[in-house]
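Visitor: There's a structure below that I have some questions on.
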Amino acid sequence: MKEFMLQDKVALVTGSTSGIGEQTARLFAKEGAKVIISGRRAERGEKLVAEIKAAGGEATFIQCDMTHTEQIKNLVDKTVETYGRLDIAVNNAAENPDNKLITDMDEDKMDRLLMIDIKGTAVCMKHEINQMLKQGDGGSVINIGSCITSRVQPASIGYIAAKYAVLGMTEGVAKEVSGQGVRVNCIRPGAIWTDMLAEYFQEMGAEKDAYAQSQTALGRCADPKEIADGCLWLASDLSSYVTGSIIDIDGGYRLI
């Protein structure tokens, strides 16, 4: 009988109706976790739940908008109400990058980036970690950052600020809860071919293959599944001695 890496664990994945979050939810369910799918798009969330269940997994959709902090608390509360506990949290929900130089900065876009990527992630951790500490038997929190904090790009001031904050919060919170069984880490993805990146490319007038060749040592965009594999490792006991770490899965972005 196959031994699943996340057997009987309860995992919450924010922003999981597409891209990295969707693939992470699928993989976690395949590895035995009971998965909470979360996002704003109910139709896509319910469709993903149906597909996971059809494949023999267990999942539930809970709608949540990261700009409403009361919905984040409700998300964690309903997770526990549904499955009795919370063992793993992947804070993946994020706003699309900005594409304006500082001289043309869109202040509304800046506000949205800071609200979703910084405050949303912080409020998620607040409620997730409170629940994990209440349970008393540990847990794993995985924040999704960005390679842009290892080598910055122009015309992304809001996104840069938000993702640097995610790094700092990851390290600070990891230190706060060290010794209490909860591990907090961050993955920095590079060019991952998702709906969000496709939309960003369209706004910039960029071309996928040319971008990948210029921005990665491996010369290609990643599949979201490759980031999901990293999330699985951090969620599992294979990374039991890892906390406060920044894991780069970026195709060698830093080397260019």
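Residue numbering restarts at 1 for every chain of the structure tokens, chains are lettered A, B, ... in their displayed order, and ligands are numbered from 1 as they appear.
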Tell me, which residues of region 96-193 of chain A carry DSSP strand (DSSP E or B), written as a list in words?

Guide: Gly139, Ser140, Val141, Ile142, Asn143, Ile144, Val182, Arg183, Val184, Asn185, Cys186, Ile187, Arg188, Pro189 and Ile192 of chain A

Visitor: Need to verify the contact set: region 67-71 of chain A, 8 Å, only C-alpha atoms, exclusion of same-chain residues closer than 2 positions in sequence. Can you return it as a list in words?

Guide: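 The contact residues come out as Cys64, Asp65, Lys73, Asn74, Leu75, Arg112, Met115, Ile116, Gly120 and Val123 of chain A.
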
Visitor: Go through region 103-147 of chain A residue by residue and, counting only C-alpha atoms, keep those with an atom at most 8 Å from region 77-97 of chain A; for each kept residue give the shortest atom pair and its distance in Å to one decimal, ordered by chain and increasing number, as JSON lines.

Guide:
```
{"residue": "A:Arg112", "atom": "CA", "partner": "A:Glu95", "partner_atom": "CA", "distance": 7.2}
{"residue": "A:Leu113", "atom": "CA", "partner": "A:Glu95", "partner_atom": "CA", "distance": 5.6}
{"residue": "A:Ile116", "atom": "CA", "partner": "A:Ala94", "partner_atom": "CA", "distance": 6.0}
{"residue": "A:Asp117", "atom": "CA", "partner": "A:Ala94", "partner_atom": "CA", "distance": 5.3}
{"residue": "A:Thr121", "atom": "CA", "partner": "A:Asn91", "partner_atom": "CA", "distance": 6.3}
{"residue": "A:Cys124", "atom": "CA", "partner": "A:Asn91", "partner_atom": "CA", "distance": 7.2}
{"residue": "A:Glu128", "atom": "CA", "partner": "A:Ala89", "partner_atom": "CA", "distance": 7.0}
{"residue": "A:Gln131", "atom": "CA", "partner": "A:Leu86", "partner_atom": "CA", "distance": 6.8}
{"residue": "A:Met132", "atom": "CA", "partner": "A:Leu86", "partner_atom": "CA", "distance": 6.3}
{"residue": "A:Gln135", "atom": "CA", "partner": "A:Arg85", "partner_atom": "CA", "distance": 7.5}
{"residue": "A:Gly138", "atom": "CA", "partner": "A:Asp87", "partner_atom": "CA", "distance": 7.2}
{"residue": "A:Gly139", "atom": "CA", "partner": "A:Asp87", "partner_atom": "CA", "distance": 4.7}
{"residue": "A:Ser140", "atom": "CA", "partner": "A:Ile88", "partner_atom": "CA", "distance": 4.9}
{"residue": "A:Val141", "atom": "CA", "partner": "A:Ala89", "partner_atom": "CA", "distance": 4.8}
{"residue": "A:Ile142", "atom": "CA", "partner": "A:Val90", "partner_atom": "CA", "distance": 4.7}
{"residue": "A:Asn143", "atom": "CA", "partner": "A:Asn91", "partner_atom": "CA", "distance": 4.8}
{"residue": "A:Ile144", "atom": "CA", "partner": "A:Asn92", "partner_atom": "CA", "distance": 5.2}
```

Visitor: For Asp248 (chain A), list every protein, DNA or RNA residue within 12 Å, evaluated using only C-alpha atoms, and leave out those in the same chain fewer than 5 positions away; present the list as a PDB file with N, CA and C atoms, in the first residue's frame.

Guide:
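Contents of part08.pdb, freshly written:
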```
ATOM      1  N   ILE A 144       4.392  32.466  -0.514  1.00  0.00           N
ATOM      2  CA  ILE A 144       4.902  32.528  -1.886  1.00  0.00           C
ATOM      3  C   ILE A 144       5.394  33.944  -2.164  1.00  0.00           C
ATOM      4  N   GLY A 145       6.706  34.051  -2.366  1.00  0.00           N
ATOM      5  CA  GLY A 145       7.323  35.331  -2.666  1.00  0.00           C
ATOM      6  C   GLY A 145       7.528  35.501  -4.159  1.00  0.00           C
ATOM      7  N   SER A 146       8.668  36.070  -4.531  1.00  0.00           N
ATOM      8  CA  SER A 146       8.969  36.267  -5.952  1.00  0.00           C
ATOM      9  C   SER A 146      10.465  36.418  -6.156  1.00  0.00           C
ATOM     10  N   CYS A 147      10.930  35.927  -7.301  1.00  0.00           N
ATOM     11  CA  CYS A 147      12.344  36.063  -7.651  1.00  0.00           C
ATOM     12  C   CYS A 147      12.755  37.522  -7.805  1.00  0.00           C
ATOM     13  N   ILE A 148      11.790  38.417  -7.931  1.00  0.00           N
ATOM     14  CA  ILE A 148      12.124  39.826  -8.125  1.00  0.00           C
ATOM     15  C   ILE A 148      12.858  40.403  -6.917  1.00  0.00           C
ATOM     16  N   THR A 149      12.801  39.700  -5.771  1.00  0.00           N
ATOM     17  CA  THR A 149      13.533  40.152  -4.595  1.00  0.00           C
ATOM     18  C   THR A 149      14.968  39.620  -4.569  1.00  0.00           C
ATOM     19  N   SER A 150      15.331  38.791  -5.537  1.00  0.00           N
ATOM     20  CA  SER A 150      16.733  38.370  -5.636  1.00  0.00           C
ATOM     21  C   SER A 150      17.477  39.152  -6.712  1.00  0.00           C
ATOM     22  N   ARG A 151      16.745  39.692  -7.674  1.00  0.00           N
ATOM     23  CA  ARG A 151      17.326  40.571  -8.703  1.00  0.00           C
ATOM     24  C   ARG A 151      16.202  41.445  -9.228  1.00  0.00           C
ATOM     25  N   LEU A 167       9.193  38.373   2.376  1.00  0.00           N
ATOM     26  CA  LEU A 167      10.433  37.761   2.871  1.00  0.00           C
ATOM     27  C   LEU A 167      10.673  38.122   4.335  1.00  0.00           C
ATOM     28  N   ASN A 185       8.239  29.177   6.106  1.00  0.00           N
ATOM     29  CA  ASN A 185       9.223  29.306   5.035  1.00  0.00           C
ATOM     30  C   ASN A 185       8.625  30.038   3.846  1.00  0.00           C
ATOM     31  N   CYS A 186       9.472  30.377   2.893  1.00  0.00           N
ATOM     32  CA  CYS A 186       9.026  31.118   1.708  1.00  0.00           C
ATOM     33  C   CYS A 186       9.651  30.519   0.459  1.00  0.00           C
ATOM     34  N   ILE A 187       8.847  30.368  -0.578  1.00  0.00           N
ATOM     35  CA  ILE A 187       9.343  29.978  -1.902  1.00  0.00           C
ATOM     36  C   ILE A 187       9.355  31.210  -2.790  1.00  0.00           C
ATOM     37  N   ARG A 188      10.488  31.403  -3.500  1.00  0.00           N
ATOM     38  CA  ARG A 188      10.570  32.490  -4.483  1.00  0.00           C
ATOM     39  C   ARG A 188      10.534  31.876  -5.887  1.00  0.00           C
ATOM     40  N   PRO A 189       9.360  31.883  -6.525  1.00  0.00           N
ATOM     41  CA  PRO A 189       9.288  31.365  -7.895  1.00  0.00           C
ATOM     42  C   PRO A 189       9.887  32.357  -8.891  1.00  0.00           C
ATOM     43  N   GLY A 190      10.335  31.809 -10.006  1.00  0.00           N
ATOM     44  CA  GLY A 190      10.760  32.652 -11.115  1.00  0.00           C
ATOM     45  C   GLY A 190       9.629  32.793 -12.112  1.00  0.00           C
ATOM     46  N   ALA A 191       9.950  32.676 -13.383  1.00  0.00           N
ATOM     47  CA  ALA A 191       8.950  32.816 -14.442  1.00  0.00           C
ATOM     48  C   ALA A 191       8.120  31.541 -14.529  1.00  0.00           C
ATOM     49  N   GLU A 226       5.965  22.552 -10.850  1.00  0.00           N
ATOM     50  CA  GLU A 226       7.326  22.558 -10.316  1.00  0.00           C
ATOM     51  C   GLU A 226       7.419  23.360  -9.022  1.00  0.00           C
ATOM     52  N   ILE A 227       6.575  24.356  -8.869  1.00  0.00           N
ATOM     53  CA  ILE A 227       6.509  25.100  -7.609  1.00  0.00           C
ATOM     54  C   ILE A 227       5.717  24.296  -6.586  1.00  0.00           C
ATOM     55  N   GLY A 230       7.852  21.973  -4.689  1.00  0.00           N
ATOM     56  CA  GLY A 230       8.567  22.626  -3.592  1.00  0.00           C
ATOM     57  C   GLY A 230       7.676  22.831  -2.387  1.00  0.00           C
ATOM     58  N   CYS A 231       6.419  23.197  -2.635  1.00  0.00           N
ATOM     59  CA  CYS A 231       5.465  23.351  -1.534  1.00  0.00           C
ATOM     60  C   CYS A 231       5.249  22.025  -0.823  1.00  0.00           C
ATOM     61  N   TYR A 253      17.296  32.349 -12.259  1.00  0.00           N
ATOM     62  CA  TYR A 253      17.048  33.783 -12.497  1.00  0.00           C
ATOM     63  C   TYR A 253      18.175  34.653 -11.948  1.00  0.00           C
ATOM     64  N   ARG A 254      18.695  34.273 -10.788  1.00  0.00           N
ATOM     65  CA  ARG A 254      19.742  35.064 -10.136  1.00  0.00           C
ATOM     66  C   ARG A 254      21.054  35.045 -10.905  1.00  0.00           C
ATOM     67  N   LEU A 255      21.216  34.088 -11.798  1.00  0.00           N
ATOM     68  CA  LEU A 255      22.483  33.906 -12.496  1.00  0.00           C
ATOM     69  C   LEU A 255      22.619  34.738 -13.758  1.00  0.00           C
TER      70      LEU A 255
END
```

Visitor: So, with only C-alpha atoms as the atoms that count, which of A:Arg26, A:Lys9, A:Arg220, A:Lys225 lies closest to Glu51 (chain A)?

Guide: A:Arg26

Visitor: Can you list, as a ChimeraX atom specification, every protein, DNA or RNA residue that comes within 12 Å of Glu43 (chain A) when you count only C-alpha atoms, leaving out same-chain residues fewer than 3 positions away?

Guide: /A:17-18,37-40,46-50,61-63

Visitor: Restricted to N, CA and C atoms, what would the selected residues look like written as a PDB file, in the first residue's frame?

Guide:
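Produced file out24.pdb, reproduced below:
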```
ATOM      1  N   THR A  17      -7.503  28.811  -7.171  1.00  0.00           N
ATOM      2  CA  THR A  17      -8.395  28.524  -8.291  1.00  0.00           C
ATOM      3  C   THR A  17      -7.659  28.542  -9.630  1.00  0.00           C
ATOM      4  N   SER A  18      -6.345  28.808  -9.608  1.00  0.00           N
ATOM      5  CA  SER A  18      -5.557  28.772 -10.840  1.00  0.00           C
ATOM      6  C   SER A  18      -4.073  28.745 -10.481  1.00  0.00           C
ATOM      7  N   ILE A  37      -9.680  24.680  -0.842  1.00  0.00           N
ATOM      8  CA  ILE A  37      -9.456  25.535  -2.009  1.00  0.00           C
ATOM      9  C   ILE A  37     -10.033  26.899  -1.683  1.00  0.00           C
ATOM     10  N   SER A  38      -9.282  27.956  -1.968  1.00  0.00           N
ATOM     11  CA  SER A  38      -9.770  29.292  -1.621  1.00  0.00           C
ATOM     12  C   SER A  38      -9.433  30.301  -2.710  1.00  0.00           C
ATOM     13  N   GLY A  39     -10.355  31.206  -2.949  1.00  0.00           N
ATOM     14  CA  GLY A  39     -10.153  32.265  -3.920  1.00  0.00           C
ATOM     15  C   GLY A  39     -11.445  33.041  -4.094  1.00  0.00           C
ATOM     16  N   ARG A  40     -11.440  33.993  -5.015  1.00  0.00           N
ATOM     17  CA  ARG A  40     -12.628  34.809  -5.248  1.00  0.00           C
ATOM     18  C   ARG A  40     -13.597  34.161  -6.231  1.00  0.00           C
ATOM     19  N   GLU A  46     -15.193  25.511  -7.217  1.00  0.00           N
ATOM     20  CA  GLU A  46     -16.051  24.329  -7.126  1.00  0.00           C
ATOM     21  C   GLU A  46     -15.699  23.306  -8.204  1.00  0.00           C
ATOM     22  N   LYS A  47     -15.307  23.783  -9.372  1.00  0.00           N
ATOM     23  CA  LYS A  47     -14.885  22.874 -10.449  1.00  0.00           C
ATOM     24  C   LYS A  47     -13.635  22.101 -10.033  1.00  0.00           C
ATOM     25  N   LEU A  48     -12.690  22.788  -9.402  1.00  0.00           N
ATOM     26  CA  LEU A  48     -11.462  22.130  -8.944  1.00  0.00           C
ATOM     27  C   LEU A  48     -11.774  21.104  -7.865  1.00  0.00           C
ATOM     28  N   VAL A  49     -12.662  21.443  -6.942  1.00  0.00           N
ATOM     29  CA  VAL A  49     -13.065  20.493  -5.895  1.00  0.00           C
ATOM     30  C   VAL A  49     -13.639  19.228  -6.535  1.00  0.00           C
ATOM     31  N   ALA A  50     -14.508  19.403  -7.524  1.00  0.00           N
ATOM     32  CA  ALA A  50     -15.126  18.249  -8.191  1.00  0.00           C
ATOM     33  C   ALA A  50     -14.073  17.378  -8.865  1.00  0.00           C
ATOM     34  N   PHE A  61     -14.275  23.951  -1.167  1.00  0.00           N
ATOM     35  CA  PHE A  61     -14.029  25.330  -1.580  1.00  0.00           C
ATOM     36  C   PHE A  61     -14.630  26.298  -0.563  1.00  0.00           C
ATOM     37  N   ILE A  62     -13.831  27.297  -0.171  1.00  0.00           N
ATOM     38  CA  ILE A  62     -14.310  28.394   0.677  1.00  0.00           C
ATOM     39  C   ILE A  62     -13.917  29.698  -0.005  1.00  0.00           C
ATOM     40  N   GLN A  63     -14.893  30.495  -0.365  1.00  0.00           N
ATOM     41  CA  GLN A  63     -14.621  31.749  -1.067  1.00  0.00           C
ATOM     42  C   GLN A  63     -13.994  32.763  -0.118  1.00  0.00           C
TER      43      GLN A  63
END
```

Visitor: Rank A:Ala198, A:Ala155, A:Ala235, A:Ile249 by their smallest atom-to-atom distance to Arg183 (chain A), using only C-alpha atoms, and report the top residue only.

Guide: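 When distances to Arg183 (chain A) are compared using only C-alpha atoms, the smallest one comes from A:Ala235.
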
Visitor: Find the residues near Ala228 (chain A): any atom within 8 Å, counting only C-alpha atoms, skip ones fewer than 3 places away on the same chain, and give them as a list of chain:residue names.

Guide: A:Ile20, A:Gly21, A:Gln23, A:Thr24, A:Leu27, A:Pro224, A:Lys225, A:Cys231, A:Leu232

Visitor: May I have the selected residues written with C-alpha atoms, as a short mmCIF file (atom, residue, chain, number, x, y, z; two decimals), in the first residue's frame?

Guide:
```cif
data_model
loop_
_atom_site.label_atom_id
_atom_site.label_comp_id
_atom_site.auth_asym_id
_atom_site.auth_seq_id
_atom_site.Cartn_x
_atom_site.Cartn_y
_atom_site.Cartn_z
CA ILE A 20 0.58 27.70 -8.56
CA GLY A 21 -2.20 27.47 -6.00
CA GLN A 23 -1.43 22.77 -8.85
CA THR A 24 -0.41 22.80 -5.18
CA LEU A 27 -0.75 17.68 -5.50
CA PRO A 224 3.22 25.58 -11.84
CA LYS A 225 3.60 21.91 -10.84
CA CYS A 231 5.46 23.35 -1.53
CA LEU A 232 4.98 19.62 -0.99
#
```

Visitor: So which residues touch Asp209 (chain A) within 8 Å, counting only C-alpha atoms, skipping near sequence neighbours fewer than 2 positions away, as a list in words?

Guide: Glu207, Tyr211, Ala212, Gln213, Arg220 and Cys221 of chain A

Visitor: Which of these, A:Ser245, A:Gln202, A:Thr194, A:Ser239, has the shortest distance to Gly19 (chain A) once you count only C-alpha atoms?

Guide: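 With only C-alpha atoms as the atom set, the closest residue is A:Thr194.
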
Visitor: Here is a test: counting only C-alpha atoms, which residue of A:Lys208, A:Lys119, A:Lys30, A:Lys163 is nearest to Ala59 (chain A)?

Guide: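 That would be A:Lys30, the residue with the smallest distance to Ala59 (chain A).
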